[in-house]
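A.B. asks: Encoded as structure tokens, here's the structure I'll be asking about.
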Amino acid sequence: MTGLPDPTWQVLPREFYRRHPALVAPELLNKILVRSDGRAARIVEVEAYAGSEDPAAHSFRGRTARTATMFGEAGHLYVYFTYGMHWGSNAVCGEAGEGFGVLLRAAEPLLGVELMRQARPRARRDRDLASGPGKLSQAFGINRDFDGADLVGGDRGIRIASDGTPPPDTPVVGPRIGISRAVEFPWRWHVPGHLHVSVPPRKR
DNA sequence: GTCCCGATTCCCT
DNA sequence: GGGAATCGGGACC
């Protein structure tokens with residue numbers, strides 16, 4: 001008994017996360033974000049953020065109260081608040097102290113879709129439920145209370161698992177979205193041709 | 001203490 | 001394609 005919606009799914013082990021986010025990120029594609037209330041969605045778009053190496057990372061200038069989770073143990077959820085209304089969800093990577101993480105930018109709802117619709121009353125179509133970092137967090141009910149949640153142990157009911165689907169052989173790689181610094185880092189990956197990815201606003 | 005702007009989303013034109 | 005909503009983090013005085 002795994003406690004997951006499907007007993008054949010395997011929770012990703014701690015070691016999966018203990019690497020550079022640019023390695024972890026593309027491997028998170030096609031993995032599944034799971035909440036214990038039955039919500040599950042396939043991760044189809046991610047971005048890497050690399051601490052002191054990365055001027056666009058929240059952790060670039062060192063640890064603060066807000067980014068403390070990012071500097072902790074890999075495999076935990078770093079949740080941040082932005083634009084006065086949106087939450088973003090990241091998987092902490094690397095070694096403690098590095099401030100590495102992978103932003104979960106978009107996912108395809110698989111299970112618990114009705115709960116996601118309730119959490120996102122403004123979404124017209126199901127493909128709008130989690131096609132962006134703020135949308136994904138809202139669809140799963142992720143907020144400040146989930147900052148620091150253990151994605152491996154599932155202490156707060158949020159985990160990442162695999163159903164055996166491998167990451168795409170040739171993911172789409174390109175610049176990250178919504179940042180103004182280090183815009184040249186090609187650290188955004190998504191599943192090719194997927195309907196549920198966020199559409200990159202072409203500016204900034 | 002003040003000020004700027006953000007790892008965004010939604011609605012209108 | 002443009003702009004509003006909304007507020008906390010962090011840089012700087």
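Following the order of the structure tokens, first chain is A, next is B, and so on, with residues numbered from 1 inside each chain and ligands from 1 in the order they appear.
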Show me, as a CSV table (one decimal) with N, CA, C and O atoms, in the first residue's frame, every residue of chain A with an atom at most 10 Å from chain B, counting only C-alpha atoms (C1' of nucleotides).

C.D. replies:
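Generated file (selection08.csv):
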chain,number,residue,atom,x,y,z
A,47,GLU,N,11.1,24.8,-14.7
A,47,GLU,CA,12.3,25.7,-14.8
A,47,GLU,C,13.2,25.5,-13.7
A,47,GLU,O,12.8,25.3,-12.5
A,48,ALA,N,14.5,25.6,-14.0
A,48,ALA,CA,15.6,25.4,-13.0
A,48,ALA,C,16.0,26.8,-12.4
A,48,ALA,O,16.1,27.8,-13.2
A,49,TYR,N,16.3,26.8,-11.1
A,49,TYR,CA,16.8,28.0,-10.5
A,49,TYR,C,18.0,27.6,-9.6
A,49,TYR,O,17.8,26.7,-8.8
A,56,ALA,N,18.7,35.2,-11.5
A,56,ALA,CA,17.2,35.2,-11.5
A,56,ALA,C,16.6,34.5,-10.3
A,56,ALA,O,15.4,34.5,-10.2
A,57,ALA,N,17.4,33.8,-9.6
A,57,ALA,CA,16.9,32.9,-8.5
A,57,ALA,C,16.6,33.8,-7.2
A,57,ALA,O,17.3,34.7,-6.9
A,58,HIS,N,15.5,33.4,-6.5
A,58,HIS,CA,15.2,34.1,-5.3
A,58,HIS,C,16.4,33.9,-4.3
A,58,HIS,O,16.6,34.8,-3.4
A,80,TYR,N,6.5,30.2,-2.7
A,80,TYR,CA,6.6,31.6,-2.6
A,80,TYR,C,5.3,32.4,-3.1
A,80,TYR,O,4.5,31.8,-3.8
A,81,PHE,N,5.2,33.6,-2.6
A,81,PHE,CA,4.0,34.4,-2.9
A,81,PHE,C,4.5,35.6,-3.8
A,81,PHE,O,5.5,36.2,-3.5
A,82,THR,N,3.7,35.9,-4.8
A,82,THR,CA,4.2,37.0,-5.7
A,82,THR,C,3.0,37.7,-6.3
A,82,THR,O,1.9,37.2,-6.4
A,83,TYR,N,3.2,38.9,-6.8
A,83,TYR,CA,2.2,39.7,-7.4
A,83,TYR,C,1.0,40.0,-6.5
A,83,TYR,O,-0.1,40.2,-7.0
A,84,GLY,N,1.2,39.8,-5.2
A,84,GLY,CA,0.2,40.1,-4.3
A,84,GLY,C,-1.0,39.1,-4.3
A,84,GLY,O,-2.0,39.3,-3.6
A,85,MET,N,-0.9,38.0,-5.1
A,85,MET,CA,-2.0,37.1,-5.1
A,85,MET,C,-1.7,35.7,-5.6
A,85,MET,O,-2.5,34.8,-5.5
A,86,HIS,N,-0.5,35.4,-6.1
A,86,HIS,CA,-0.2,34.1,-6.6
A,86,HIS,C,0.9,33.4,-5.8
A,86,HIS,O,1.8,34.0,-5.3
A,87,TRP,N,0.7,32.0,-5.8
A,87,TRP,CA,1.7,31.2,-5.2
A,87,TRP,C,2.5,30.4,-6.2
A,87,TRP,O,1.9,30.0,-7.2
A,88,GLY,N,3.8,30.2,-6.0
A,88,GLY,CA,4.6,29.3,-6.9
A,88,GLY,C,5.1,28.2,-6.1
A,88,GLY,O,5.5,28.3,-4.9
A,89,SER,N,5.2,27.0,-6.7
A,89,SER,CA,5.7,25.8,-6.1
A,89,SER,C,7.0,25.3,-6.7
A,89,SER,O,7.0,25.1,-8.0
A,90,ASN,N,7.9,25.0,-5.9
A,90,ASN,CA,9.2,24.5,-6.4
A,90,ASN,C,9.6,23.2,-5.6
A,90,ASN,O,9.4,23.1,-4.4
A,103,LEU,N,11.1,25.1,-10.4
A,103,LEU,CA,9.7,25.6,-10.4
A,103,LEU,C,8.8,24.7,-11.2
A,103,LEU,O,9.1,24.4,-12.4
A,104,LEU,N,7.7,24.3,-10.6
A,104,LEU,CA,6.7,23.5,-11.4
A,104,LEU,C,5.8,24.5,-12.1
A,104,LEU,O,5.0,25.2,-11.5
A,105,ARG,N,5.9,24.6,-13.4
A,105,ARG,CA,5.2,25.6,-14.1
A,105,ARG,C,3.9,25.2,-14.7
A,105,ARG,O,3.0,26.0,-15.0
A,122,ARG,N,-12.4,30.2,-12.0
A,122,ARG,CA,-12.4,31.0,-13.2
A,122,ARG,C,-11.9,30.3,-14.4
A,122,ARG,O,-12.0,30.8,-15.5
A,123,ALA,N,-11.4,29.1,-14.2
A,123,ALA,CA,-10.8,28.4,-15.4
A,123,ALA,C,-12.0,27.9,-16.2
A,123,ALA,O,-12.9,27.2,-15.7
A,132,GLY,N,0.3,27.0,-15.7
A,132,GLY,CA,1.0,28.1,-15.3
A,132,GLY,C,1.4,27.9,-13.8
A,132,GLY,O,0.6,27.2,-13.2
A,133,PRO,N,2.4,28.5,-13.3
A,133,PRO,CA,2.9,28.2,-12.0
A,133,PRO,C,1.8,28.6,-10.9
A,133,PRO,O,1.6,27.9,-9.9
A,134,GLY,N,1.2,29.8,-11.1
A,134,GLY,CA,0.2,30.2,-10.2
A,134,GLY,C,-1.1,29.3,-10.3
A,134,GLY,O,-1.7,29.0,-9.3
A,135,LYS,N,-1.4,29.0,-11.5
A,135,LYS,CA,-2.6,28.1,-11.7
A,135,LYS,C,-2.4,26.7,-11.1
A,135,LYS,O,-3.3,26.2,-10.4
A,176,ARG,N,13.8,31.0,-19.6
A,176,ARG,CA,12.7,31.0,-18.6
A,176,ARG,C,11.8,32.2,-18.8
A,176,ARG,O,12.1,33.2,-19.5
A,177,ILE,N,10.6,32.1,-18.2
A,177,ILE,CA,9.5,33.0,-18.4
A,177,ILE,C,9.4,34.0,-17.2
A,177,ILE,O,9.6,33.6,-16.0
A,178,GLY,N,9.1,35.3,-17.5
A,178,GLY,CA,8.8,36.2,-16.4
A,178,GLY,C,9.9,36.7,-15.6
A,178,GLY,O,9.7,37.3,-14.5
A,179,ILE,N,11.1,36.5,-16.1
A,179,ILE,CA,12.3,37.0,-15.3
A,179,ILE,C,12.9,38.2,-16.1
A,179,ILE,O,12.7,38.3,-17.3
A,180,SER,N,13.8,39.0,-15.4
A,180,SER,CA,14.4,40.1,-16.1
A,180,SER,C,15.9,39.9,-16.1
A,180,SER,O,16.7,40.6,-16.8

A.B. asks: Residues within 7 Å of Val172 in chain A, please, as a list in words. Count only C-alpha atoms (C1' of nucleotides); anything in the same chain fewer than 2 positions from it doesn't count.

C.D. replies: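 The residues satisfying every condition are Thr170, Gly174, Trp189, His190, Val191 and Pro192 of chain A.
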
A.B. asks: Smallest atom-to-atom distance to Gly164 in chain A: which of A:Asp126, A:Leu12, A:Ala25, A:Pro5, using only C-alpha atoms?

C.D. replies: A:Leu12

A.B. asks: Which chain C residues are at most 8 Å from chain A (counting only C-alpha atoms (C1' of nucleotides)), as a list in words?

C.D. replies: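 Taking only C-alpha atoms (C1' of nucleotides) into account, DT6, DC7, DG8 and DG9 of chain C sit within 8 Å of chain A.
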
A.B. asks: Please, what distance in Å, to one decimal, runs between CA of Leu33 in chain A and CA of Gly193 in chain A?

C.D. replies: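 Separation of CA of Leu33 in chain A and CA of Gly193 in chain A: 20.2 Å.
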
A.B. asks: Pull the strand (DSSP E or B) assignments for range 24-177 of chain A out of DSSP run on the backbone, and list those residues as a PyMOL selection string.

C.D. replies: chain A and resi 32-35+40-50+76-82+86-93+100-111+150+158-162+172-174

A.B. asks: Between CA of Ala107 in chain A and CA of Val46 in chain A, what is the distance in Å, rounded to a tenth?

C.D. replies: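 Computing it gives 9.3 Å between the two atoms.
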
A.B. asks: Would you work out the distance separating CA of Phe185 in chain A from CA of Val173 in chain A, expressed in Å to one decimal?

C.D. replies: 10.1 Å

A.B. asks: Using only C-alpha atoms, which of A:Ser162, A:Ser137, A:Gln118, A:Thr69 sits nearest Asn30 in chain A?

C.D. replies: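 Smallest separation from Asn30 in chain A among the options: A:Ser162.
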
A.B. asks: Using DSSP on the backbone coordinates, identify all residues within range 73-184 of chain A classified as alpha helix (DSSP H); present the result as a list in words.

C.D. replies: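 Filtering range 73-184 of chain A to alpha helix (DSSP H) leaves Val113, Glu114, Leu115, Met116, Arg117, Gln118, Ala119, Pro133, Gly134, Lys135, Leu136, Ser137, Gln138 and Ala139 of chain A.
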
A.B. asks: Restricting it to N, CA, C and O atoms, dump the selection as a PDB file, in the first residue's frame.

C.D. replies:
ATOM      1  N   VAL A 113     -10.051  15.966 -10.704  1.00  0.00           N
ATOM      2  CA  VAL A 113     -10.247  17.138 -11.560  1.00  0.00           C
ATOM      3  C   VAL A 113     -11.372  18.030 -11.037  1.00  0.00           C
ATOM      4  O   VAL A 113     -11.296  19.259 -11.115  1.00  0.00           O
ATOM      5  N   GLU A 114     -12.403  17.415 -10.445  1.00  0.00           N
ATOM      6  CA  GLU A 114     -13.503  18.224  -9.918  1.00  0.00           C
ATOM      7  C   GLU A 114     -13.037  19.114  -8.761  1.00  0.00           C
ATOM      8  O   GLU A 114     -13.439  20.282  -8.664  1.00  0.00           O
ATOM      9  N   LEU A 115     -12.149  18.592  -7.921  1.00  0.00           N
ATOM     10  CA  LEU A 115     -11.566  19.408  -6.848  1.00  0.00           C
ATOM     11  C   LEU A 115     -10.767  20.570  -7.427  1.00  0.00           C
ATOM     12  O   LEU A 115     -10.779  21.684  -6.898  1.00  0.00           O
ATOM     13  N   MET A 116     -10.059  20.304  -8.513  1.00  0.00           N
ATOM     14  CA  MET A 116      -9.270  21.368  -9.140  1.00  0.00           C
ATOM     15  C   MET A 116     -10.185  22.437  -9.738  1.00  0.00           C
ATOM     16  O   MET A 116      -9.902  23.626  -9.642  1.00  0.00           O
ATOM     17  N   ARG A 117     -11.283  22.012 -10.324  1.00  0.00           N
ATOM     18  CA  ARG A 117     -12.235  22.991 -10.878  1.00  0.00           C
ATOM     19  C   ARG A 117     -12.791  23.875  -9.766  1.00  0.00           C
ATOM     20  O   ARG A 117     -12.962  25.081  -9.939  1.00  0.00           O
ATOM     21  N   GLN A 118     -13.068  23.264  -8.613  1.00  0.00           N
ATOM     22  CA  GLN A 118     -13.575  24.050  -7.490  1.00  0.00           C
ATOM     23  C   GLN A 118     -12.535  25.040  -6.983  1.00  0.00           C
ATOM     24  O   GLN A 118     -12.857  26.158  -6.582  1.00  0.00           O
ATOM     25  N   ALA A 119     -11.265  24.601  -7.015  1.00  0.00           N
ATOM     26  CA  ALA A 119     -10.177  25.461  -6.528  1.00  0.00           C
ATOM     27  C   ALA A 119      -9.884  26.586  -7.516  1.00  0.00           C
ATOM     28  O   ALA A 119      -9.304  27.606  -7.153  1.00  0.00           O
ATOM     29  N   PRO A 133       2.437  28.488 -13.345  1.00  0.00           N
ATOM     30  CA  PRO A 133       2.863  28.222 -11.967  1.00  0.00           C
ATOM     31  C   PRO A 133       1.834  28.627 -10.913  1.00  0.00           C
ATOM     32  O   PRO A 133       1.626  27.911  -9.924  1.00  0.00           O
ATOM     33  N   GLY A 134       1.174  29.773 -11.118  1.00  0.00           N
ATOM     34  CA  GLY A 134       0.153  30.201 -10.175  1.00  0.00           C
ATOM     35  C   GLY A 134      -1.085  29.327 -10.266  1.00  0.00           C
ATOM     36  O   GLY A 134      -1.709  28.979  -9.264  1.00  0.00           O
ATOM     37  N   LYS A 135      -1.438  28.953 -11.482  1.00  0.00           N
ATOM     38  CA  LYS A 135      -2.611  28.105 -11.696  1.00  0.00           C
ATOM     39  C   LYS A 135      -2.400  26.727 -11.084  1.00  0.00           C
ATOM     40  O   LYS A 135      -3.296  26.176 -10.435  1.00  0.00           O
ATOM     41  N   LEU A 136      -1.216  26.163 -11.320  1.00  0.00           N
ATOM     42  CA  LEU A 136      -0.895  24.838 -10.781  1.00  0.00           C
ATOM     43  C   LEU A 136      -1.018  24.832  -9.261  1.00  0.00           C
ATOM     44  O   LEU A 136      -1.652  23.949  -8.670  1.00  0.00           O
ATOM     45  N   SER A 137      -0.439  25.847  -8.628  1.00  0.00           N
ATOM     46  CA  SER A 137      -0.505  25.931  -7.166  1.00  0.00           C
ATOM     47  C   SER A 137      -1.942  26.079  -6.693  1.00  0.00           C
ATOM     48  O   SER A 137      -2.376  25.418  -5.743  1.00  0.00           O
ATOM     49  N   GLN A 138      -2.703  26.925  -7.371  1.00  0.00           N
ATOM     50  CA  GLN A 138      -4.098  27.134  -6.984  1.00  0.00           C
ATOM     51  C   GLN A 138      -4.919  25.861  -7.177  1.00  0.00           C
ATOM     52  O   GLN A 138      -5.751  25.516  -6.332  1.00  0.00           O
ATOM     53  N   ALA A 139      -4.684  25.157  -8.269  1.00  0.00           N
ATOM     54  CA  ALA A 139      -5.438  23.927  -8.547  1.00  0.00           C
ATOM     55  C   ALA A 139      -5.233  22.888  -7.453  1.00  0.00           C
ATOM     56  O   ALA A 139      -6.132  22.111  -7.133  1.00  0.00           O
TER      57      ALA A 139
END

A.B. asks: Would you kindly return, as a short mmCIF file (atom, residue, chain, number, x, y, z; two decimals) with C-alpha atoms, in the first residue's frame, each protein, DNA or RNA residue with an atom no farther than 12 Å from any atom of range 149-153 of chain A, considering only C-alpha atoms (C1' of nucleotides) and excluding same-chain residues fewer than 2 positions away?

C.D. replies:
data_model
loop_
_atom_site.label_atom_id
_atom_site.label_comp_id
_atom_site.auth_asym_id
_atom_site.auth_seq_id
_atom_site.Cartn_x
_atom_site.Cartn_y
_atom_site.Cartn_z
CA THR A 2 1.59 3.18 -1.16
CA GLY A 3 -1.09 5.63 -0.11
CA GLN A 10 6.38 5.12 -7.05
CA VAL A 11 7.23 8.16 -4.94
CA LEU A 12 10.48 9.75 -6.16
CA PRO A 13 13.30 9.10 -3.69
CA ARG A 14 15.33 11.81 -1.95
CA GLU A 15 18.35 11.06 -4.14
CA PHE A 16 16.41 12.08 -7.24
CA TYR A 17 16.47 15.67 -6.01
CA ILE A 32 3.06 13.21 -11.27
CA LEU A 33 2.26 15.73 -8.55
CA VAL A 34 -0.08 14.07 -6.08
CA ARG A 35 -2.16 15.37 -3.20
CA SER A 36 -3.59 12.93 -0.66
CA THR A 69 13.23 26.32 2.57
CA MET A 70 15.25 26.58 -0.64
CA GLY A 72 17.19 23.22 3.24
CA GLU A 73 17.10 19.54 2.37
CA ALA A 74 16.32 18.45 -1.19
CA GLY A 75 12.92 16.96 -1.89
CA HIS A 76 10.95 19.58 0.02
CA LEU A 77 8.50 22.12 -1.43
CA TYR A 78 9.54 25.78 -1.58
CA VAL A 79 6.40 27.92 -1.89
CA SER A 89 5.68 25.78 -6.09
CA ASN A 90 9.23 24.47 -6.37
CA ALA A 91 11.01 21.21 -5.63
CA VAL A 92 14.16 21.94 -3.62
CA CYS A 93 17.25 20.35 -5.22
CA ILE A 142 -0.91 25.05 -2.37
CA ASN A 143 -0.20 28.13 -0.26
CA ARG A 144 2.15 29.25 2.50
CA ASP A 145 1.05 26.35 4.69
CA PHE A 146 2.80 24.01 2.26
CA ASP A 147 6.17 25.74 2.29
CA ASP A 155 4.06 14.97 5.72
CA ARG A 156 1.56 17.48 4.32
CA GLY A 157 -0.06 15.24 1.76
CA ILE A 158 1.89 16.47 -1.27
CA ARG A 159 4.28 14.18 -3.12
CA ILE A 160 5.80 13.61 -6.55
CA ALA A 161 5.60 10.12 -8.03
#
